Amino acid sequence: MSVFMDLNVLFSADRSRLQSLVETAAHLGFSTVAINYVFEPTTKKKQEVPSPVPISELIGQLPVVQGRSRPIKVLNRLTVVMSEASHFRPNTTEYRAFDLLAIQPTTEKLFHTTCMLCDVDIICISVTEKLPFFFKRAPINGAIDRGVVFEVSYASALRDSTMRRYTIANAVCLMESCKGKNVIVSSAAEKALELRGPYDIINLGALFGLSDADSKEAVSSTCRAVLLHAETRKTASGIVYTRISQQDTLQDCVGSEAPAAKRPKPT
């Protein structure tokens, strides 16, 4: 049975709206969602990178996924809208607070830089306007080789007919270059009514130029690959990862508190 994910649910300060989004996603059968914080720096004044709100503060009780016996998994994601190369600072400590890291480049040069050099998990394709450049094979293949995925969102297409044309046109242009590889389809939903079920999204993939198999992977296995890539990004290329378990810590504490055994007195 496939595990479906929506890795782009827009953050809202309205707790009830966000709760409704997560509950609807779980009811539709999504096992994992990512709350997306969009950060758009400007050159006029310095802006601080937003800090993710703990999931326990946003959502009281996680809903159970439809058809499964476990609650939905909620992640935090940061998307940096990059209009200049200086807007993305790879060594910024604030980035480490997020589970997923994405970039939305606005020019062809920045798109090339993001594909070839930036250590991120997702490259977002704009769907609210006509792209000012065409996709080229070299940077796209470079991103695919590095395990970076491209994201197309569909919620904007539900709001406006003009954005619907931009969404389909930009998505088709991307698929012609990447051949459906390393692509995820997310909602970028602001409210629960903009969410669609996994199989509706698979059917929507046909409009984007995806095959049935690629459409299914775009909401399941490719999303899982994004999560694995995010884990390796935080470690030594996925080779070294250490963690002290609570059980080991408890045993160490008990061992240190236990009195030393007394030696028998010589007779």
# chains A, B, ... in the order shown; residues from 1 in each chain; ligands from 1

call {"tool": "residues_around", "arguments": {"residues": "Lys181 of chain A", "least_positions_apart": "5", "cutoff": "10 Å", "atoms": "only C-alpha atoms", "output": "PyMOL selection string"}}
result
chain A and resi 140-141+144+149-150+175+210+214+217-218+222

call {"tool": "write_last_selection", "arguments": {"atoms": "all heavy atoms", "output": "PDB file, in the first residue's frame"}}
result
ATOM      1  N   ILE A 140      19.104  20.844 -14.884  1.00  0.00           N
ATOM      2  CA  ILE A 140      18.113  19.897 -14.378  1.00  0.00           C
ATOM      3  C   ILE A 140      18.746  18.537 -14.120  1.00  0.00           C
ATOM      4  O   ILE A 140      18.519  17.902 -13.074  1.00  0.00           O
ATOM      5  CB  ILE A 140      16.932  19.790 -15.354  1.00  0.00           C
ATOM      6  CG1 ILE A 140      16.058  21.043 -15.245  1.00  0.00           C
ATOM      7  CG2 ILE A 140      16.090  18.535 -15.075  1.00  0.00           C
ATOM      8  CD1 ILE A 140      14.868  21.072 -16.149  1.00  0.00           C
ATOM      9  N   ASN A 141      19.578  18.073 -15.038  1.00  0.00           N
ATOM     10  CA  ASN A 141      20.271  16.803 -14.825  1.00  0.00           C
ATOM     11  C   ASN A 141      21.240  16.894 -13.655  1.00  0.00           C
ATOM     12  O   ASN A 141      21.433  15.915 -12.921  1.00  0.00           O
ATOM     13  CB  ASN A 141      21.017  16.393 -16.091  1.00  0.00           C
ATOM     14  CG  ASN A 141      20.086  15.976 -17.209  1.00  0.00           C
ATOM     15  OD1 ASN A 141      18.939  15.594 -16.971  1.00  0.00           O
ATOM     16  ND2 ASN A 141      20.557  16.057 -18.443  1.00  0.00           N
ATOM     17  N   ILE A 144      19.125  16.459 -10.555  1.00  0.00           N
ATOM     18  CA  ILE A 144      18.691  15.058 -10.435  1.00  0.00           C
ATOM     19  C   ILE A 144      19.827  14.189  -9.926  1.00  0.00           C
ATOM     20  O   ILE A 144      19.639  13.324  -9.056  1.00  0.00           O
ATOM     21  CB  ILE A 144      18.154  14.550 -11.788  1.00  0.00           C
ATOM     22  CG1 ILE A 144      16.851  15.269 -12.146  1.00  0.00           C
ATOM     23  CG2 ILE A 144      17.928  13.041 -11.747  1.00  0.00           C
ATOM     24  CD1 ILE A 144      16.324  14.936 -13.530  1.00  0.00           C
ATOM     25  N   VAL A 149      14.817  17.445  -5.845  1.00  0.00           N
ATOM     26  CA  VAL A 149      13.582  17.255  -6.607  1.00  0.00           C
ATOM     27  C   VAL A 149      12.975  18.606  -6.972  1.00  0.00           C
ATOM     28  O   VAL A 149      13.271  19.636  -6.350  1.00  0.00           O
ATOM     29  CB  VAL A 149      12.545  16.420  -5.817  1.00  0.00           C
ATOM     30  CG1 VAL A 149      13.136  15.099  -5.386  1.00  0.00           C
ATOM     31  CG2 VAL A 149      12.009  17.188  -4.627  1.00  0.00           C
ATOM     32  N   PHE A 150      12.121  18.584  -7.987  1.00  0.00           N
ATOM     33  CA  PHE A 150      11.387  19.774  -8.426  1.00  0.00           C
ATOM     34  C   PHE A 150       9.934  19.652  -7.975  1.00  0.00           C
ATOM     35  O   PHE A 150       9.357  18.564  -8.018  1.00  0.00           O
ATOM     36  CB  PHE A 150      11.458  19.918  -9.945  1.00  0.00           C
ATOM     37  CG  PHE A 150      12.858  20.019 -10.472  1.00  0.00           C
ATOM     38  CD1 PHE A 150      13.534  18.896 -10.928  1.00  0.00           C
ATOM     39  CD2 PHE A 150      13.514  21.239 -10.506  1.00  0.00           C
ATOM     40  CE1 PHE A 150      14.830  18.976 -11.404  1.00  0.00           C
ATOM     41  CE2 PHE A 150      14.811  21.335 -10.988  1.00  0.00           C
ATOM     42  CZ  PHE A 150      15.469  20.208 -11.432  1.00  0.00           C
ATOM     43  N   MET A 175       8.382  19.197 -17.406  1.00  0.00           N
ATOM     44  CA  MET A 175       8.361  17.761 -17.711  1.00  0.00           C
ATOM     45  C   MET A 175       9.076  17.444 -19.021  1.00  0.00           C
ATOM     46  O   MET A 175       9.665  16.372 -19.171  1.00  0.00           O
ATOM     47  CB  MET A 175       6.923  17.248 -17.775  1.00  0.00           C
ATOM     48  CG  MET A 175       6.108  17.490 -16.515  1.00  0.00           C
ATOM     49  SD  MET A 175       6.969  17.039 -15.002  1.00  0.00           S
ATOM     50  CE  MET A 175       5.992  17.943 -13.798  1.00  0.00           C
ATOM     51  N   LEU A 210       2.801  14.136 -16.975  1.00  0.00           N
ATOM     52  CA  LEU A 210       3.338  12.981 -16.266  1.00  0.00           C
ATOM     53  C   LEU A 210       2.597  11.713 -16.666  1.00  0.00           C
ATOM     54  O   LEU A 210       1.386  11.745 -16.915  1.00  0.00           O
ATOM     55  CB  LEU A 210       3.217  13.174 -14.746  1.00  0.00           C
ATOM     56  CG  LEU A 210       4.141  14.204 -14.089  1.00  0.00           C
ATOM     57  CD1 LEU A 210       3.686  14.483 -12.666  1.00  0.00           C
ATOM     58  CD2 LEU A 210       5.578  13.739 -14.108  1.00  0.00           C
ATOM     59  N   ASP A 214       4.604   7.936 -13.029  1.00  0.00           N
ATOM     60  CA  ASP A 214       5.323   9.105 -12.503  1.00  0.00           C
ATOM     61  C   ASP A 214       4.426   9.959 -11.619  1.00  0.00           C
ATOM     62  O   ASP A 214       4.889  10.540 -10.630  1.00  0.00           O
ATOM     63  CB  ASP A 214       5.875   9.949 -13.651  1.00  0.00           C
ATOM     64  CG  ASP A 214       7.026   9.267 -14.383  1.00  0.00           C
ATOM     65  OD1 ASP A 214       7.668   8.394 -13.778  1.00  0.00           O
ATOM     66  OD2 ASP A 214       7.260   9.606 -15.565  1.00  0.00           O
ATOM     67  N   GLU A 217       4.286   8.297  -8.236  1.00  0.00           N
ATOM     68  CA  GLU A 217       5.548   8.504  -7.524  1.00  0.00           C
ATOM     69  C   GLU A 217       5.667   9.947  -7.023  1.00  0.00           C
ATOM     70  O   GLU A 217       6.313  10.200  -6.004  1.00  0.00           O
ATOM     71  CB  GLU A 217       6.720   8.173  -8.435  1.00  0.00           C
ATOM     72  CG  GLU A 217       6.858   6.686  -8.745  1.00  0.00           C
ATOM     73  CD  GLU A 217       8.032   6.399  -9.663  1.00  0.00           C
ATOM     74  OE1 GLU A 217       8.697   7.369 -10.100  1.00  0.00           O
ATOM     75  OE2 GLU A 217       8.279   5.210  -9.954  1.00  0.00           O
ATOM     76  N   ALA A 218       5.043  10.892  -7.722  1.00  0.00           N
ATOM     77  CA  ALA A 218       5.146  12.300  -7.351  1.00  0.00           C
ATOM     78  C   ALA A 218       4.461  12.619  -6.029  1.00  0.00           C
ATOM     79  O   ALA A 218       4.726  13.675  -5.435  1.00  0.00           O
ATOM     80  CB  ALA A 218       4.554  13.181  -8.455  1.00  0.00           C
ATOM     81  N   THR A 222       8.700   9.453  -4.437  1.00  0.00           N
ATOM     82  CA  THR A 222       9.609  10.584  -4.614  1.00  0.00           C
ATOM     83  C   THR A 222       9.587  11.492  -3.385  1.00  0.00           C
ATOM     84  O   THR A 222      10.620  12.058  -2.995  1.00  0.00           O
ATOM     85  CB  THR A 222       9.253  11.391  -5.874  1.00  0.00           C
ATOM     86  OG1 THR A 222       9.209  10.514  -7.005  1.00  0.00           O
ATOM     87  CG2 THR A 222      10.284  12.475  -6.144  1.00  0.00           C
TER      88      THR A 222
END

call {"tool": "select_by_dssp", "arguments": {"residues": "segment 14-257 of chain A", "states": "strand (DSSP E)", "output": "PyMOL selection string"}}
result
chain A and resi 30-39+73-82+100-105+122-124+149-153+183-186

call {"tool": "residues_around", "arguments": {"residues": "Leu100 of chain A", "least_positions_apart": "4", "cutoff": "9 Å", "atoms": "only C-alpha atoms", "output": "VMD selection string"}}
result
chain A and resid 7 34 36 75 to 79 95 to 96 120 to 122 226 to 227 230 to 231

call {"tool": "write_last_selection", "arguments": {"atoms": "N, CA, C and O atoms", "output": "PDB file, in the first residue's frame"}}
result
ATOM      1  N   LEU A   7       3.915  17.691   0.804  1.00  0.00           N
ATOM      2  CA  LEU A   7       5.034  18.376   1.448  1.00  0.00           C
ATOM      3  C   LEU A   7       4.960  19.890   1.330  1.00  0.00           C
ATOM      4  O   LEU A   7       5.976  20.571   1.471  1.00  0.00           O
ATOM      5  N   ALA A  34       3.866  18.629   5.316  1.00  0.00           N
ATOM      6  CA  ALA A  34       4.893  19.574   5.750  1.00  0.00           C
ATOM      7  C   ALA A  34       4.293  20.976   5.766  1.00  0.00           C
ATOM      8  O   ALA A  34       3.740  21.432   4.753  1.00  0.00           O
ATOM      9  N   ASN A  36       4.646  24.703   5.476  1.00  0.00           N
ATOM     10  CA  ASN A  36       5.619  25.486   4.713  1.00  0.00           C
ATOM     11  C   ASN A  36       5.647  26.940   5.177  1.00  0.00           C
ATOM     12  O   ASN A  36       4.635  27.644   5.126  1.00  0.00           O
ATOM     13  N   LEU A  75       5.652  17.789   9.489  1.00  0.00           N
ATOM     14  CA  LEU A  75       7.017  18.309   9.423  1.00  0.00           C
ATOM     15  C   LEU A  75       6.987  19.823   9.221  1.00  0.00           C
ATOM     16  O   LEU A  75       5.950  20.405   8.880  1.00  0.00           O
ATOM     17  N   ASN A  76       8.142  20.451   9.428  1.00  0.00           N
ATOM     18  CA  ASN A  76       8.311  21.873   9.156  1.00  0.00           C
ATOM     19  C   ASN A  76       9.210  22.059   7.938  1.00  0.00           C
ATOM     20  O   ASN A  76      10.196  21.339   7.778  1.00  0.00           O
ATOM     21  N   ARG A  77       8.859  23.028   7.115  1.00  0.00           N
ATOM     22  CA  ARG A  77       9.617  23.280   5.891  1.00  0.00           C
ATOM     23  C   ARG A  77       9.808  24.773   5.700  1.00  0.00           C
ATOM     24  O   ARG A  77       8.914  25.581   6.008  1.00  0.00           O
ATOM     25  N   LEU A  78      10.978  25.149   5.188  1.00  0.00           N
ATOM     26  CA  LEU A  78      11.259  26.544   4.858  1.00  0.00           C
ATOM     27  C   LEU A  78      11.485  26.667   3.357  1.00  0.00           C
ATOM     28  O   LEU A  78      12.265  25.908   2.776  1.00  0.00           O
ATOM     29  N   THR A  79      10.792  27.627   2.736  1.00  0.00           N
ATOM     30  CA  THR A  79      10.994  27.927   1.318  1.00  0.00           C
ATOM     31  C   THR A  79      11.531  29.342   1.188  1.00  0.00           C
ATOM     32  O   THR A  79      10.885  30.301   1.625  1.00  0.00           O
ATOM     33  N   TYR A  95      18.316  27.726   9.500  1.00  0.00           N
ATOM     34  CA  TYR A  95      17.819  26.721   8.570  1.00  0.00           C
ATOM     35  C   TYR A  95      17.724  25.343   9.219  1.00  0.00           C
ATOM     36  O   TYR A  95      16.919  24.508   8.812  1.00  0.00           O
ATOM     37  N   ARG A  96      18.567  25.104  10.208  1.00  0.00           N
ATOM     38  CA  ARG A  96      18.632  23.774  10.811  1.00  0.00           C
ATOM     39  C   ARG A  96      17.384  23.434  11.627  1.00  0.00           C
ATOM     40  O   ARG A  96      17.166  22.274  11.955  1.00  0.00           O
ATOM     41  N   VAL A 120      20.004  21.970  -0.969  1.00  0.00           N
ATOM     42  CA  VAL A 120      18.600  22.010  -0.577  1.00  0.00           C
ATOM     43  C   VAL A 120      17.940  20.688  -0.956  1.00  0.00           C
ATOM     44  O   VAL A 120      18.550  19.828  -1.587  1.00  0.00           O
ATOM     45  N   ASP A 121      16.676  20.546  -0.548  1.00  0.00           N
ATOM     46  CA  ASP A 121      15.933  19.324  -0.847  1.00  0.00           C
ATOM     47  C   ASP A 121      14.977  19.486  -2.022  1.00  0.00           C
ATOM     48  O   ASP A 121      14.748  18.546  -2.782  1.00  0.00           O
ATOM     49  N   ILE A 122      14.416  20.702  -2.172  1.00  0.00           N
ATOM     50  CA  ILE A 122      13.356  20.938  -3.157  1.00  0.00           C
ATOM     51  C   ILE A 122      13.623  22.237  -3.909  1.00  0.00           C
ATOM     52  O   ILE A 122      14.035  23.239  -3.306  1.00  0.00           O
ATOM     53  N   VAL A 226      12.652  12.607  -0.776  1.00  0.00           N
ATOM     54  CA  VAL A 226      12.940  13.953  -0.270  1.00  0.00           C
ATOM     55  C   VAL A 226      13.265  13.899   1.225  1.00  0.00           C
ATOM     56  O   VAL A 226      14.213  14.545   1.695  1.00  0.00           O
ATOM     57  N   LEU A 227      12.487  13.130   1.977  1.00  0.00           N
ATOM     58  CA  LEU A 227      12.727  13.016   3.416  1.00  0.00           C
ATOM     59  C   LEU A 227      14.083  12.375   3.692  1.00  0.00           C
ATOM     60  O   LEU A 227      14.810  12.798   4.596  1.00  0.00           O
ATOM     61  N   ALA A 230      16.764  14.902   3.003  1.00  0.00           N
ATOM     62  CA  ALA A 230      16.849  15.881   4.089  1.00  0.00           C
ATOM     63  C   ALA A 230      17.643  15.324   5.265  1.00  0.00           C
ATOM     64  O   ALA A 230      18.404  16.053   5.920  1.00  0.00           O
ATOM     65  N   GLU A 231      17.484  14.034   5.544  1.00  0.00           N
ATOM     66  CA  GLU A 231      18.240  13.421   6.632  1.00  0.00           C
ATOM     67  C   GLU A 231      19.730  13.383   6.299  1.00  0.00           C
ATOM     68  O   GLU A 231      20.570  13.665   7.144  1.00  0.00           O
TER      69      GLU A 231
END

call {"tool": "residues_around", "arguments": {"residues": "Glu40 of chain A", "least_positions_apart": "5", "cutoff": "8 Å", "atoms": "only C-alpha atoms", "output": "PyMOL selection string"}}
result
chain A and resi 80-82

call {"tool": "select_by_dssp", "arguments": {"residues": "segment 22-234 of chain A", "states": "alpha helix (DSSP H)", "output": "count of residues only"}}
result
79

call {"tool": "atom_distance", "arguments": {"atom1": "atom CA of Glu194 of chain A", "atom2": "atom CA of Thr24 of chain A"}}
result
10.0 Å

call {"tool": "residues_around", "arguments": {"residues": "Asn203 of chain A", "least_positions_apart": "4", "cutoff": "9 Å", "atoms": "only C-alpha atoms", "output": "mmCIF file with N, CA, C and O atoms, in the first residue's frame"}}
result
data_model
loop_
_atom_site.group_PDB
_atom_site.id
_atom_site.type_symbol
_atom_site.label_atom_id
_atom_site.label_comp_id
_atom_site.auth_asym_id
_atom_site.auth_seq_id
_atom_site.Cartn_x
_atom_site.Cartn_y
_atom_site.Cartn_z
ATOM 1 N N PRO A 198 -5.078 11.968 -3.015
ATOM 2 C CA PRO A 198 -3.917 11.476 -3.775
ATOM 3 C C PRO A 198 -4.265 11.021 -5.186
ATOM 4 O O PRO A 198 -3.518 11.320 -6.133
ATOM 5 N N TYR A 199 -5.378 10.336 -5.355
ATOM 6 C CA TYR A 199 -5.710 9.821 -6.686
ATOM 7 C C TYR A 199 -6.235 10.922 -7.603
ATOM 8 O O TYR A 199 -6.106 10.817 -8.830
ATOM 9 N N LEU A 207 -2.315 16.240 -16.878
ATOM 10 C CA LEU A 207 -2.310 17.586 -17.451
ATOM 11 C C LEU A 207 -0.913 18.193 -17.422
ATOM 12 O O LEU A 207 -0.585 19.052 -18.244
ATOM 13 N N ASP A 212 1.125 7.851 -15.692
ATOM 14 C CA ASP A 212 0.423 7.391 -14.490
ATOM 15 C C ASP A 212 1.407 6.967 -13.404
ATOM 16 O O ASP A 212 1.218 7.275 -12.215
ATOM 17 N N SER A 215 3.142 10.040 -11.960
ATOM 18 C CA SER A 215 2.200 10.814 -11.145
ATOM 19 C C SER A 215 2.054 10.204 -9.758
ATOM 20 O O SER A 215 2.010 10.916 -8.746
#

call {"tool": "residues_around", "arguments": {"residues": "segment 167-173 of chain A", "least_positions_apart": "2", "cutoff": "9 Å", "atoms": "only C-alpha atoms", "output": "PDB file with C-alpha atoms, in the first residue's frame"}}
result
ATOM      1  CA  ILE A 125       8.640  26.036  -9.816  1.00  0.00           C
ATOM      2  CA  SER A 126       6.606  29.235  -9.877  1.00  0.00           C
ATOM      3  CA  VAL A 127       2.980  28.681 -10.853  1.00  0.00           C
ATOM      4  CA  THR A 128       1.570  32.181 -10.327  1.00  0.00           C
ATOM      5  CA  GLU A 129       3.264  33.785 -13.338  1.00  0.00           C
ATOM      6  CA  LYS A 130       4.802  32.918 -16.674  1.00  0.00           C
ATOM      7  CA  LEU A 131       8.406  31.843 -16.245  1.00  0.00           C
ATOM      8  CA  PHE A 134      13.182  28.150 -20.370  1.00  0.00           C
ATOM      9  CA  PHE A 135      14.411  25.044 -18.603  1.00  0.00           C
ATOM     10  CA  VAL A 152       4.846  21.783  -8.857  1.00  0.00           C
ATOM     11  CA  SER A 153       1.888  22.952  -6.757  1.00  0.00           C
ATOM     12  CA  TYR A 154      -1.739  22.961  -7.842  1.00  0.00           C
ATOM     13  CA  SER A 156      -3.169  28.300  -7.354  1.00  0.00           C
ATOM     14  CA  ALA A 157      -4.793  26.641 -10.375  1.00  0.00           C
ATOM     15  CA  THR A 162      -5.026  32.740 -15.424  1.00  0.00           C
ATOM     16  CA  MET A 163      -2.940  30.966 -12.785  1.00  0.00           C
ATOM     17  CA  ARG A 164      -4.361  27.691 -14.066  1.00  0.00           C
ATOM     18  CA  ARG A 165      -2.830  28.394 -17.481  1.00  0.00           C
ATOM     19  CA  MET A 175       8.361  17.761 -17.711  1.00  0.00           C
ATOM     20  CA  GLU A 176       9.738  18.147 -21.228  1.00  0.00           C
ATOM     21  CA  SER A 177      13.181  18.726 -19.730  1.00  0.00           C
ATOM     22  CA  LEU A 207      -2.310  17.586 -17.451  1.00  0.00           C
ATOM     23  CA  PHE A 208       1.254  18.275 -16.351  1.00  0.00           C
ATOM     24  CA  GLY A 209       2.687  15.757 -18.804  1.00  0.00           C
ATOM     25  CA  LEU A 210       3.338  12.981 -16.266  1.00  0.00           C
TER      26      LEU A 210
END

call {"tool": "closest_residue", "arguments": {"among": "A:Asp6, A:Lys109, A:Asp160, A:Ser83", "to": "Pro41 of chain A", "atoms": "only C-alpha atoms"}}
result
A:Ser83

call {"tool": "residues_around", "arguments": {"residues": "segment 8-15 of chain A", "least_positions_apart": "6", "cutoff": "12 Å", "atoms": "only C-alpha atoms", "output": "PyMOL selection string"}}
result
chain A and resi 21-25+30+32-39+50-53+55-60+74-79+100-102+122+124+151-155+184-192+194-196+219+223

call {"tool": "closest_residue", "arguments": {"among": "A:Val64, A:Ser31, A:Cys178, A:Ser86", "to": "Pro139 of chain A", "atoms": "only C-alpha atoms"}}
result
A:Cys178

call {"tool": "closest_residue", "arguments": {"among": "A:Val3, A:Val49, A:Ala143, A:Leu193", "to": "Arg89 of chain A", "atoms": "only C-alpha atoms"}}
result
A:Val49

call {"tool": "atom_distance", "arguments": {"atom1": "atom CA of Met5 of chain A", "atom2": "atom CA of Ser20 of chain A"}}
result
16.6 Å

call {"tool": "atom_distance", "arguments": {"atom1": "atom CA of Asp99 of chain A", "atom2": "atom CA of Lys234 of chain A"}}
result
9.2 Å

call {"tool": "decode", "arguments": {"residues": "segment 140-162 of chain A", "atoms": "N, CA, C and O atoms", "output": "short mmCIF file (atom, residue, chain, number, x, y, z; two decimals), in the first residue's frame"}}
result
data_model
loop_
_atom_site.label_atom_id
_atom_site.label_comp_id
_atom_site.auth_asym_id
_atom_site.auth_seq_id
_atom_site.Cartn_x
_atom_site.Cartn_y
_atom_site.Cartn_z
N ILE A 140 19.10 20.84 -14.88
CA ILE A 140 18.11 19.90 -14.38
C ILE A 140 18.75 18.54 -14.12
O ILE A 140 18.52 17.90 -13.07
N ASN A 141 19.58 18.07 -15.04
CA ASN A 141 20.27 16.80 -14.83
C ASN A 141 21.24 16.89 -13.66
O ASN A 141 21.43 15.92 -12.92
N GLY A 142 21.83 18.07 -13.46
CA GLY A 142 22.72 18.25 -12.31
C GLY A 142 21.97 18.13 -11.00
O GLY A 142 22.47 17.52 -10.04
N ALA A 143 20.76 18.70 -10.94
CA ALA A 143 19.96 18.59 -9.72
C ALA A 143 19.52 17.15 -9.49
O ALA A 143 19.53 16.66 -8.35
N ILE A 144 19.12 16.46 -10.56
CA ILE A 144 18.69 15.06 -10.43
C ILE A 144 19.83 14.19 -9.93
O ILE A 144 19.64 13.32 -9.06
N ASP A 145 21.04 14.42 -10.43
CA ASP A 145 22.20 13.65 -9.99
C ASP A 145 22.49 13.88 -8.51
O ASP A 145 23.02 12.98 -7.83
N ARG A 146 22.17 15.06 -8.01
CA ARG A 146 22.43 15.37 -6.60
C ARG A 146 21.27 14.95 -5.69
O ARG A 146 21.34 15.14 -4.48
N GLY A 147 20.20 14.41 -6.26
CA GLY A 147 19.07 13.96 -5.47
C GLY A 147 18.07 15.03 -5.11
O GLY A 147 17.19 14.81 -4.27
N VAL A 148 18.17 16.20 -5.75
CA VAL A 148 17.24 17.31 -5.50
C VAL A 148 16.00 17.12 -6.38
O VAL A 148 16.11 16.68 -7.53
N VAL A 149 14.82 17.44 -5.85
CA VAL A 149 13.58 17.26 -6.61
C VAL A 149 12.98 18.61 -6.97
O VAL A 149 13.27 19.64 -6.35
N PHE A 150 12.12 18.58 -7.99
CA PHE A 150 11.39 19.77 -8.43
C PHE A 150 9.93 19.65 -7.98
O PHE A 150 9.36 18.56 -8.02
N GLU A 151 9.38 20.77 -7.57
CA GLU A 151 8.01 20.77 -7.04
C GLU A 151 7.08 21.63 -7.89
O GLU A 151 7.40 22.77 -8.23
N VAL A 152 5.93 21.05 -8.20
CA VAL A 152 4.85 21.78 -8.86
C VAL A 152 3.65 21.74 -7.92
O VAL A 152 3.27 20.67 -7.43
N SER A 153 3.06 22.88 -7.64
CA SER A 153 1.89 22.95 -6.76
C SER A 153 0.64 23.27 -7.58
O SER A 153 0.73 23.89 -8.64
N TYR A 154 -0.51 22.86 -7.05
CA TYR A 154 -1.74 22.96 -7.84
C TYR A 154 -2.81 23.88 -7.25
O TYR A 154 -3.81 24.19 -7.92
N ALA A 155 -2.67 24.33 -6.00
CA ALA A 155 -3.75 25.10 -5.37
C ALA A 155 -4.02 26.41 -6.10
O ALA A 155 -5.18 26.85 -6.19
N SER A 156 -2.96 27.04 -6.62
CA SER A 156 -3.17 28.30 -7.35
C SER A 156 -4.05 28.10 -8.57
O SER A 156 -4.81 29.00 -8.96
N ALA A 157 -3.97 26.93 -9.19
CA ALA A 157 -4.79 26.64 -10.37
C ALA A 157 -6.27 26.56 -10.04
O ALA A 157 -7.12 26.70 -10.92
N LEU A 158 -6.59 26.33 -8.76
CA LEU A 158 -7.99 26.25 -8.34
C LEU A 158 -8.58 27.62 -8.05
O LEU A 158 -9.80 27.77 -8.00
N ARG A 159 -7.72 28.61 -7.88
CA ARG A 159 -8.19 29.93 -7.47
C ARG A 159 -8.49 30.85 -8.64
O ARG A 159 -9.35 31.72 -8.54
N ASP A 160 -7.76 30.68 -9.75
CA ASP A 160 -7.86 31.66 -10.83
C ASP A 160 -7.57 30.98 -12.16
O ASP A 160 -6.67 30.14 -12.25
N SER A 161 -8.31 31.35 -13.21
CA SER A 161 -8.12 30.71 -14.52
C SER A 161 -6.78 31.10 -15.14
O SER A 161 -6.16 30.29 -15.83
N THR A 162 -6.32 32.33 -14.89
CA THR A 162 -5.03 32.74 -15.42
C THR A 162 -3.90 31.94 -14.80
O THR A 162 -2.99 31.45 -15.49
#
